[in-house]
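Working notes, structure below.
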Amino acid sequence: MHMNFLSRIATLLAIALAAGCATSDSGFGSRTAVVVNNRTPKEIMDTTLAVFREKEFEVKSSTKREVVFEKKGSTWQDVTWGGWYGDGVWERADIRIIDYGGGAYMIEAKVRLVRDRSEEFFEDSQRLGRRARKPYQELLNEVKARLEGPPA
């Protein structure tokens with residue numbers, strides 16, 4: 001009886017761990033990310049740049065596998081986050097392309113709101129909560145959809 005109980009606990013624990021480790025394109029736990037297969041980092045970066053620019057994001061900086069996008073925050077964000085002075089509140093997305101091996105790459109976004117962005121030393125940033133990151137997950141999903149579509 002004791003062994004049967006432990007066996008059931010072990011099975012339930014294994015199921016819970018497997019479910020907790022499962023990944024989906026709607027996020028990787030607390031990450032805003034997608035995985036793309038069989039595309040080069042250049043293809044991924046070019047597509048990421050196109051998708052974000054279409055949504056009026058500016059490129060703050062970029063390398064071969066990282067890019068930082070910025071976009072002026074809304075009036076509501078200015079009021080909520082105290083951006084009523086200077087140039088207000090800006091949304092910033094740090095995008096990284098991470099090699100997963102075997103032709104797979106993860107595109108990860110770390111998103112935050114930034115005040116006083118013109119003064120890097122005095123810059124004040126706040127990470128966005130999961131719900132507020134949803135539009136960024138949708139942008140990454142769009143990048144993935146374009147990359148997985150028929151080759152151009």
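In the structure tokens, each chain is lettered A, B, ... as it comes, each chain's residues begin at 1, and ligands are numbered from 1 in order of appearance.
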**OP:** Identify, on the basis of only C-alpha atoms, every residue whose closest approach to segment 28-45 of chain A does not exceed 10 Å; exclude the query and any residue fewer than 2 positions from it along the same chain; express the result as a PyMOL selection string.
**Re:** chain A and resi 20-26+47-51+62-67+95-111+129-130+133-148
Please save C-alpha atoms of the selected residues as an mmCIF file, in the first residue's frame.
data_model
loop_
_atom_site.group_PDB
_atom_site.id
_atom_site.type_symbol
_atom_site.label_atom_id
_atom_site.label_comp_id
_atom_site.auth_asym_id
_atom_site.auth_seq_id
_atom_site.Cartn_x
_atom_site.Cartn_y
_atom_site.Cartn_z
ATOM 1 C CA GLY A 20 5.146 23.019 -16.303
ATOM 2 C CA CYS A 21 8.041 22.509 -18.701
ATOM 3 C CA ALA A 22 5.916 22.463 -21.821
ATOM 4 C CA THR A 23 6.485 25.427 -24.064
ATOM 5 C CA SER A 24 4.116 27.216 -26.368
ATOM 6 C CA ASP A 25 4.286 30.233 -28.640
ATOM 7 C CA SER A 26 2.134 32.182 -26.222
ATOM 8 C CA THR A 47 11.827 39.815 -40.400
ATOM 9 C CA THR A 48 11.854 41.059 -36.797
ATOM 10 C CA LEU A 49 12.971 44.516 -37.954
ATOM 11 C CA ALA A 50 10.203 44.603 -40.577
ATOM 12 C CA VAL A 51 7.428 43.561 -38.172
ATOM 13 C CA SER A 62 21.224 46.627 -33.073
ATOM 14 C CA THR A 63 23.793 43.905 -33.674
ATOM 15 C CA LYS A 64 23.570 40.652 -35.643
ATOM 16 C CA ARG A 65 21.521 38.910 -32.937
ATOM 17 C CA GLU A 66 20.177 41.696 -30.744
ATOM 18 C CA VAL A 67 18.059 44.754 -31.369
ATOM 19 C CA ILE A 95 15.082 41.414 -28.610
ATOM 20 C CA ARG A 96 17.644 38.588 -28.638
ATOM 21 C CA ILE A 97 18.059 35.701 -31.057
ATOM 22 C CA ILE A 98 19.338 32.698 -29.109
ATOM 23 C CA ASP A 99 20.769 29.608 -30.847
ATOM 24 C CA TYR A 100 18.993 26.476 -29.599
ATOM 25 C CA GLY A 101 21.030 24.157 -31.840
ATOM 26 C CA GLY A 102 19.799 21.904 -34.603
ATOM 27 C CA GLY A 103 18.642 24.851 -36.701
ATOM 28 C CA ALA A 104 16.328 26.225 -33.993
ATOM 29 C CA TYR A 105 16.472 29.781 -32.641
ATOM 30 C CA MET A 106 14.508 31.399 -29.859
ATOM 31 C CA ILE A 107 13.491 35.029 -30.329
ATOM 32 C CA GLU A 108 13.095 36.519 -26.849
ATOM 33 C CA ALA A 109 11.761 39.958 -25.905
ATOM 34 C CA LYS A 110 12.418 41.697 -22.596
ATOM 35 C CA VAL A 111 9.969 44.572 -22.400
ATOM 36 C CA GLY A 129 3.790 42.532 -16.323
ATOM 37 C CA ARG A 130 2.686 39.455 -18.220
ATOM 38 C CA ARG A 133 3.566 42.066 -22.610
ATOM 39 C CA LYS A 134 0.816 40.362 -24.622
ATOM 40 C CA PRO A 135 1.126 42.749 -27.627
ATOM 41 C CA TYR A 136 4.830 41.902 -27.796
ATOM 42 C CA GLN A 137 4.063 38.193 -27.786
ATOM 43 C CA GLU A 138 1.702 38.850 -30.688
ATOM 44 C CA LEU A 139 4.501 40.676 -32.565
ATOM 45 C CA LEU A 140 6.839 37.721 -32.040
ATOM 46 C CA ASN A 141 4.081 35.356 -33.180
ATOM 47 C CA GLU A 142 3.818 37.470 -36.358
ATOM 48 C CA VAL A 143 7.590 37.184 -36.913
ATOM 49 C CA LYS A 144 7.337 33.409 -36.549
ATOM 50 C CA ALA A 145 4.323 33.193 -38.880
ATOM 51 C CA ARG A 146 6.130 35.143 -41.594
ATOM 52 C CA LEU A 147 9.248 33.011 -41.253
ATOM 53 C CA GLU A 148 7.301 29.749 -41.347
#
**OP:** Take atom CA of Lys55 of chain A and atom CA of Asp116 of chain A and report the distance between them in Å, one decimal.
**Re:**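 Interatomic distance here is 22.5 Å.
The two atoms in question, atom CA of Trp76 of chain A and atom CA of Ser61 of chain A, are spaced 26.3 Å apart.
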Original post:
So which bits of segment 82-120 of chain A end up strand (DSSP E) when you DSSP the backbone, as a ChimeraX atom specification?
Top reply: /A:89-101,104-115
Save the residues we just selected, C-alpha atoms, as a PDB file, in the first residue's frame?
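Final file, out_2.pdb:
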ATOM      1  CA  VAL A  89       7.255  57.314 -21.049  1.00  0.00           C
ATOM      2  CA  TRP A  90       8.606  55.053 -23.785  1.00  0.00           C
ATOM      3  CA  GLU A  91       8.137  51.334 -24.365  1.00  0.00           C
ATOM      4  CA  ARG A  92      11.422  49.502 -24.923  1.00  0.00           C
ATOM      5  CA  ALA A  93      11.830  45.950 -26.205  1.00  0.00           C
ATOM      6  CA  ASP A  94      15.219  44.224 -26.048  1.00  0.00           C
ATOM      7  CA  ILE A  95      15.082  41.414 -28.610  1.00  0.00           C
ATOM      8  CA  ARG A  96      17.644  38.588 -28.638  1.00  0.00           C
ATOM      9  CA  ILE A  97      18.059  35.701 -31.057  1.00  0.00           C
ATOM     10  CA  ILE A  98      19.338  32.698 -29.109  1.00  0.00           C
ATOM     11  CA  ASP A  99      20.769  29.608 -30.847  1.00  0.00           C
ATOM     12  CA  TYR A 100      18.993  26.476 -29.599  1.00  0.00           C
ATOM     13  CA  GLY A 101      21.030  24.157 -31.840  1.00  0.00           C
ATOM     14  CA  ALA A 104      16.328  26.225 -33.993  1.00  0.00           C
ATOM     15  CA  TYR A 105      16.472  29.781 -32.641  1.00  0.00           C
ATOM     16  CA  MET A 106      14.508  31.399 -29.859  1.00  0.00           C
ATOM     17  CA  ILE A 107      13.491  35.029 -30.329  1.00  0.00           C
ATOM     18  CA  GLU A 108      13.095  36.519 -26.849  1.00  0.00           C
ATOM     19  CA  ALA A 109      11.761  39.958 -25.905  1.00  0.00           C
ATOM     20  CA  LYS A 110      12.418  41.697 -22.596  1.00  0.00           C
ATOM     21  CA  VAL A 111       9.969  44.572 -22.400  1.00  0.00           C
ATOM     22  CA  ARG A 112       9.891  47.584 -20.105  1.00  0.00           C
ATOM     23  CA  LEU A 113       8.648  51.119 -19.761  1.00  0.00           C
ATOM     24  CA  VAL A 114      11.319  53.819 -19.580  1.00  0.00           C
ATOM     25  CA  ARG A 115      11.206  57.347 -18.172  1.00  0.00           C
TER      26      ARG A 115
END
Subject >> Coordinates-based distance that separates atom CA of Arg127 of chain A from atom CA of Thr80 of chain A (Å, one decimal) >> reply: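 Computing the Euclidean distance for atom CA of Thr80 of chain A and atom CA of Arg127 of chain A yields 14.1 Å.
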